[in-house]
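One structure is given here, and the rest of the page talks about it.
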Amino acid sequence: MSNTRFLTDAQLPFCKGCGHAMVAQNTEKALQKLNINPLDVVLVTDIGCHGIVDKSFLTHTVHGLHGRSSALAAGIAAGLNNPNKKVIAFTGDGGATIGMQHLIGGAHLGFNMTVVVHNNMLYGMTGGQPSEFTPNGFKTPTLPEGSNKAGYDICELMVAAGASYVERIIGIGDFSDSLVKAFSASGFSLVEVMEICPSYGVKSNPGMKLSKLVEDAGWKVKVFADGKGNAFKTPINVEPKSLISEKLEVQQRYSSNTQKTVSIMLSGSAGEGVQSAAEFLAKAAIVSGLNSTKKGSYPVTVGVGFSASEVIISPNQILFTGSPIPDVLIITSSDGLNYARAAAGRMKHGVIYIDETLEVPQTGARIKKVPFRERVGAKSSALYAVFYAVHHEKLYPIDALKDVFLSNKIAEKVSIDSLLQF
Ligand SMILES: Cc1ncc(C[n+]2csc(CCOP(=O)(O)OP(=O)(O)O)c2C)c(N)n1
Ligand code: SF4
């Protein structure tokens, strides 16, 4: 057993007596027993108290959306496709409830990973709501009369789905040997750690004994599948395609006099071609010998509200794609104005190109009002605004932008002449 540290010396971020701390400590011990290098371990967590542990781990860590650690871990395991790497997903019983299909799918397809379910029988982080794992009679702050349903038996479910190693343990004391077995199993393994949340579980169920509660719930504390079976394993392409080698080559055909990094924010409405206009802006910069990045932002419900894009162009390497204070801000609609108002407020210099029908936001930037929408209509306003700004800011030759635009099928619908009204 090595004495390599997998946890920082800082105090774990849980309430006093929280079972999650036992899982973290036993995970460290199990990995020490396996003599693994911390950087051969990827720990994937998700939302919930259990998930805030990642800053304490000295392994690689990834933090995902609630209930999705197992889905992310499956992708990582498939991508790594390396039995020497340990991919471990932590999830709560709340996360396991809402991400159940990921667990079933992971077990069914036999991804090489271990899921540790921190089953404290309630949603800890949000104040103790019941999950589908909450056993009959268990009370929570939002269910003071106690659950009238049986909780899921995740271990039985995982066996049925085809998991290779499955065990339920009471999360007290040293259970690192169980984790060693799960981490060493080939294919998909899952350990359900029964825990108690002192802040909500104990308070709502005074005097409760964890092992008695587990017994009364009908949940067996045992190994359900020992990892020796022939669990089906997903055939994984041993030579995954490289996205880099398939990247689109853009040939330089023009040159630009731009000597410094320029960040441009284009902010308009969904359905008005903002993202494709920004793509032309970025691509034409590359055609002109510059580096460029593009980052799009839009609401979760795509197709309504604002649509914005931040493009950086530079003769130098671009190491960060964000530009909280743009040099050039282009606003083509009222949705775009609402989204970009904060960025405009941060601008102490630079220029804002804004549709002339819009109210001018508070800013230290120079304002240039242009009738974008009136001249070309709403649908082409973002595209026209990009042509207009490139021309007036002399970012690179307008012919580069014309070339990029004309090689796209959008050019069949929008006349190039309408975009060249300067
Ligand atoms: C998709 C989604 N739904 C709901 C929430 C709100 N939320 C944050 S933490 C949490 C409960 C977490 O409970 P659990 O997964 O059991 O972990 P614990 O806090 O008990 O460790 C919820 C519902 C969220 N972040 N994301
Ligand atoms: S609220 Fe409960 S689950 Fe969350 S850290 Fe505290 S004891 Fe643990």
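A note on labels: chains of the structure tokens are A, B, ... as shown, every chain counts residues from 1, and ligands are counted from 1 in their shown order.
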
* **All strand (DSSP E) residues (DSSP, backbone) inside stretch 188-336 of chain A, as a ChimeraX atom specification** => /A:188-194,223-226,262-269,291-297,306-314,328-331

Writing out the chosen residues with C-alpha atoms as a PDB file, in the first residue's frame:
```pdb
ATOM      1  CA  PHE A 188     -18.990  -1.499 -14.849  1.00  0.00           C
ATOM      2  CA  SER A 189     -18.974  -1.632 -11.065  1.00  0.00           C
ATOM      3  CA  LEU A 190     -21.174   0.104  -8.537  1.00  0.00           C
ATOM      4  CA  VAL A 191     -20.942   0.433  -4.793  1.00  0.00           C
ATOM      5  CA  GLU A 192     -23.892   1.818  -2.883  1.00  0.00           C
ATOM      6  CA  VAL A 193     -22.716   3.373   0.338  1.00  0.00           C
ATOM      7  CA  MET A 194     -25.503   3.712   2.893  1.00  0.00           C
ATOM      8  CA  VAL A 223     -21.919  -8.352  -2.714  1.00  0.00           C
ATOM      9  CA  PHE A 224     -24.524  -8.753  -5.468  1.00  0.00           C
ATOM     10  CA  ALA A 225     -22.147  -9.390  -8.385  1.00  0.00           C
ATOM     11  CA  ASP A 226     -18.523 -10.288  -7.767  1.00  0.00           C
ATOM     12  CA  VAL A 262      -9.408  42.802 -31.192  1.00  0.00           C
ATOM     13  CA  SER A 263     -12.438  41.340 -29.456  1.00  0.00           C
ATOM     14  CA  ILE A 264     -15.790  41.766 -31.111  1.00  0.00           C
ATOM     15  CA  MET A 265     -19.150  40.977 -29.576  1.00  0.00           C
ATOM     16  CA  LEU A 266     -22.083  40.537 -31.913  1.00  0.00           C
ATOM     17  CA  SER A 267     -25.384  40.626 -30.067  1.00  0.00           C
ATOM     18  CA  GLY A 268     -28.762  40.186 -31.701  1.00  0.00           C
ATOM     19  CA  SER A 269     -31.801  37.930 -31.756  1.00  0.00           C
ATOM     20  CA  ASN A 291      -5.878  33.770 -35.513  1.00  0.00           C
ATOM     21  CA  SER A 292      -9.468  33.789 -34.388  1.00  0.00           C
ATOM     22  CA  THR A 293     -11.858  32.219 -31.879  1.00  0.00           C
ATOM     23  CA  LYS A 294     -15.635  32.280 -31.690  1.00  0.00           C
ATOM     24  CA  LYS A 295     -17.828  31.624 -28.692  1.00  0.00           C
ATOM     25  CA  GLY A 296     -21.616  31.563 -28.994  1.00  0.00           C
ATOM     26  CA  SER A 297     -24.132  32.283 -26.224  1.00  0.00           C
ATOM     27  CA  PHE A 306     -30.983  36.785 -27.648  1.00  0.00           C
ATOM     28  CA  SER A 307     -28.203  35.225 -29.646  1.00  0.00           C
ATOM     29  CA  ALA A 308     -24.700  36.548 -29.119  1.00  0.00           C
ATOM     30  CA  SER A 309     -21.232  35.635 -30.190  1.00  0.00           C
ATOM     31  CA  GLU A 310     -17.806  36.767 -29.072  1.00  0.00           C
ATOM     32  CA  VAL A 311     -15.132  36.676 -31.738  1.00  0.00           C
ATOM     33  CA  ILE A 312     -11.495  37.410 -31.032  1.00  0.00           C
ATOM     34  CA  ILE A 313      -9.106  38.086 -33.868  1.00  0.00           C
ATOM     35  CA  SER A 314      -5.407  38.481 -33.341  1.00  0.00           C
ATOM     36  CA  VAL A 328     -16.091  46.413 -30.834  1.00  0.00           C
ATOM     37  CA  LEU A 329     -19.689  45.749 -29.853  1.00  0.00           C
ATOM     38  CA  ILE A 330     -22.313  45.237 -32.538  1.00  0.00           C
ATOM     39  CA  ILE A 331     -25.958  45.323 -31.444  1.00  0.00           C
TER      40      ILE A 331
END
```

Within 8 Å of ligand 1, which residues of chain A come that close, and what is the closest atom pair and distance in Å for each? Count only C-alpha atoms and all ligand atoms and give it as CSV.
```
residue,atom,partner,partner_atom_place_in_ligand_line,distance
A:His20,CA,ligand 1,21 (O),7.3
A:Asp46,CA,ligand 1,15 (O),7.7
A:Ile47,CA,ligand 1,9 (S),5.2
A:Gly48,CA,ligand 1,19 (O),3.4
A:Cys49,CA,ligand 1,21 (O),3.7
A:His50,CA,ligand 1,21 (O),4.1
A:Gly51,CA,ligand 1,21 (O),6.7
A:Leu65,CA,ligand 1,26 (N),6.2
A:His66,CA,ligand 1,26 (N),4.7
A:Gly67,CA,ligand 1,15 (O),6.7
A:Thr91,CA,ligand 1,15 (O),6.1
A:Gly92,CA,ligand 1,15 (O),3.6
A:Asp93,CA,ligand 1,16 (O),4.2
A:Gly94,CA,ligand 1,16 (O),3.4
A:Gly95,CA,ligand 1,15 (O),3.9
A:Ala96,CA,ligand 1,15 (O),6.8
A:Thr97,CA,ligand 1,15 (O),7.9
A:Ile98,CA,ligand 1,1 (C),7.6
A:His118,CA,ligand 1,21 (O),6.7
A:Asn119,CA,ligand 1,16 (O),6.9
A:Asn120,CA,ligand 1,20 (O),6.1
A:Met121,CA,ligand 1,16 (O),7.0
A:Leu122,CA,ligand 1,16 (O),5.4
A:Tyr123,CA,ligand 1,13 (O),3.4
A:Gly124,CA,ligand 1,20 (O),3.5
A:Met125,CA,ligand 1,19 (O),3.7
A:Thr126,CA,ligand 1,10 (C),5.1
A:Gly127,CA,ligand 1,11 (C),8.0
A:Gly128,CA,ligand 1,20 (O),7.7
A:Gln129,CA,ligand 1,11 (C),7.8
A:Ser131,CA,ligand 1,16 (O),7.0
A:Cys197,CA,ligand 1,20 (O),7.6
```

Output file for the selection above: C-alpha atoms, as a tab-separated table (two decimals), in the first residue's frame:
```tsv
chain	number	residue	atom	x	y	z
A	20	HIS	CA	-19.69	11.65	2.49
A	46	ASP	CA	-21.99	15.97	-9.97
A	47	ILE	CA	-24.24	18.40	-8.15
A	48	GLY	CA	-24.99	17.71	-4.50
A	49	CYS	CA	-23.01	17.81	-1.27
A	50	HIS	CA	-20.97	14.75	-2.33
A	51	GLY	CA	-19.83	16.66	-5.42
A	65	LEU	CA	-24.70	18.47	-13.98
A	66	HIS	CA	-26.87	16.87	-11.34
A	67	GLY	CA	-27.17	13.13	-11.95
A	91	THR	CA	-23.27	10.58	-7.31
A	92	GLY	CA	-25.90	11.14	-4.62
A	93	ASP	CA	-29.15	9.23	-4.31
A	94	GLY	CA	-30.80	12.34	-5.75
A	95	GLY	CA	-28.41	12.27	-8.70
A	96	ALA	CA	-28.86	8.52	-9.13
A	97	THR	CA	-32.62	9.12	-9.23
A	98	ILE	CA	-32.57	11.73	-11.94
A	118	HIS	CA	-23.67	8.20	-1.73
A	119	ASN	CA	-27.10	7.11	-0.52
A	120	ASN	CA	-28.08	9.32	2.39
A	121	MET	CA	-31.70	8.74	1.37
A	122	LEU	CA	-32.45	12.40	0.70
A	123	TYR	CA	-31.38	15.47	-1.24
A	124	GLY	CA	-28.80	16.92	1.16
A	125	MET	CA	-27.68	20.06	-0.60
A	126	THR	CA	-31.17	21.49	-1.13
A	127	GLY	CA	-32.42	20.92	2.40
A	128	GLY	CA	-33.60	17.34	2.65
A	129	GLN	CA	-36.23	16.55	0.03
A	131	SER	CA	-35.43	11.00	-3.46
A	197	CYS	CA	-27.02	13.08	6.65
```

Residue list (helix (DSSP H, G or I), DSSP) for stretch 56-256 of chain A, as a tab-separated table (two decimals) with C-alpha atoms, in the first residue's frame:
```
chain	number	residue	atom	x	y	z
A	56	SER	CA	-10.12	18.09	-2.08
A	69	SER	CA	-21.52	12.07	-13.43
A	70	SER	CA	-22.10	8.50	-14.59
A	71	ALA	CA	-22.80	9.64	-18.18
A	72	LEU	CA	-19.68	11.81	-18.23
A	73	ALA	CA	-17.61	9.04	-16.68
A	74	ALA	CA	-18.86	6.58	-19.32
A	75	GLY	CA	-17.69	8.94	-22.06
A	76	ILE	CA	-14.33	9.42	-20.36
A	77	ALA	CA	-13.88	5.67	-19.86
A	78	ALA	CA	-14.74	5.00	-23.49
A	79	GLY	CA	-12.45	7.79	-24.69
A	80	LEU	CA	-9.51	6.67	-22.54
A	93	ASP	CA	-29.15	9.23	-4.31
A	94	GLY	CA	-30.80	12.34	-5.75
A	95	GLY	CA	-28.41	12.27	-8.70
A	96	ALA	CA	-28.86	8.52	-9.13
A	97	THR	CA	-32.62	9.12	-9.23
A	98	ILE	CA	-32.57	11.73	-11.94
A	100	MET	CA	-31.00	6.50	-13.49
A	101	GLN	CA	-30.95	5.82	-17.21
A	102	HIS	CA	-27.23	6.66	-17.30
A	103	LEU	CA	-26.59	4.07	-14.61
A	104	ILE	CA	-28.66	1.44	-16.37
A	105	GLY	CA	-27.00	2.26	-19.70
A	106	GLY	CA	-23.51	2.24	-18.15
A	107	ALA	CA	-24.08	-1.15	-16.55
A	108	HIS	CA	-25.75	-2.54	-19.65
A	109	LEU	CA	-22.92	-1.51	-21.94
A	154	ILE	CA	-30.16	0.18	-6.95
A	155	CYS	CA	-28.03	-2.94	-6.44
A	156	GLU	CA	-30.73	-5.28	-7.77
A	157	LEU	CA	-31.34	-2.89	-10.64
A	158	MET	CA	-27.63	-2.84	-11.52
A	159	VAL	CA	-27.37	-6.62	-11.48
A	160	ALA	CA	-30.35	-6.84	-13.80
A	161	ALA	CA	-28.76	-4.27	-16.09
A	176	SER	CA	-11.76	0.48	1.50
A	177	ASP	CA	-11.49	-3.23	0.61
A	178	SER	CA	-14.93	-3.11	-0.99
A	179	LEU	CA	-13.86	-0.10	-3.03
A	180	VAL	CA	-10.63	-1.89	-4.01
A	181	LYS	CA	-12.71	-4.77	-5.41
A	182	ALA	CA	-14.99	-2.39	-7.30
A	183	PHE	CA	-12.11	-0.30	-8.67
A	184	SER	CA	-10.31	-3.49	-9.80
A	198	PRO	CA	-26.65	14.49	10.17
A	199	SER	CA	-28.13	17.83	9.17
A	200	TYR	CA	-31.44	16.54	7.80
A	201	GLY	CA	-31.67	12.74	8.11
A	202	VAL	CA	-30.76	12.51	11.80
A	203	LYS	CA	-32.76	15.56	12.77
A	204	SER	CA	-35.93	14.27	11.10
A	210	LEU	CA	-28.60	3.23	9.99
A	211	SER	CA	-28.13	-0.55	9.81
A	212	LYS	CA	-31.59	-1.18	11.28
A	213	LEU	CA	-33.13	1.20	8.81
A	214	VAL	CA	-31.38	-0.53	5.90
A	215	GLU	CA	-32.54	-3.91	7.17
A	216	ASP	CA	-36.14	-2.71	7.63
```

* To do: Considering only C-alpha atoms, return as a PyMOL selection string whatever protein or nucleic-acid residues lie within 8 Å of A:His60, sequence-local ones (same chain, fewer than 3 positions apart) excluded.
  => chain A and resi 38-43+57

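Closest to A:Ser255 among A:Pro397, A:Gly151, A:Pro206, A:Gly110 is A:Pro397, based on only C-alpha atoms.
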
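Neighbours of A:Gln251 closer than or equal to 9 Å, with only C-alpha atoms counted and sequence neighbours fewer than 6 positions away skipped, come out as Ile286, Val287, Ser288 and Gly289 of chain A.
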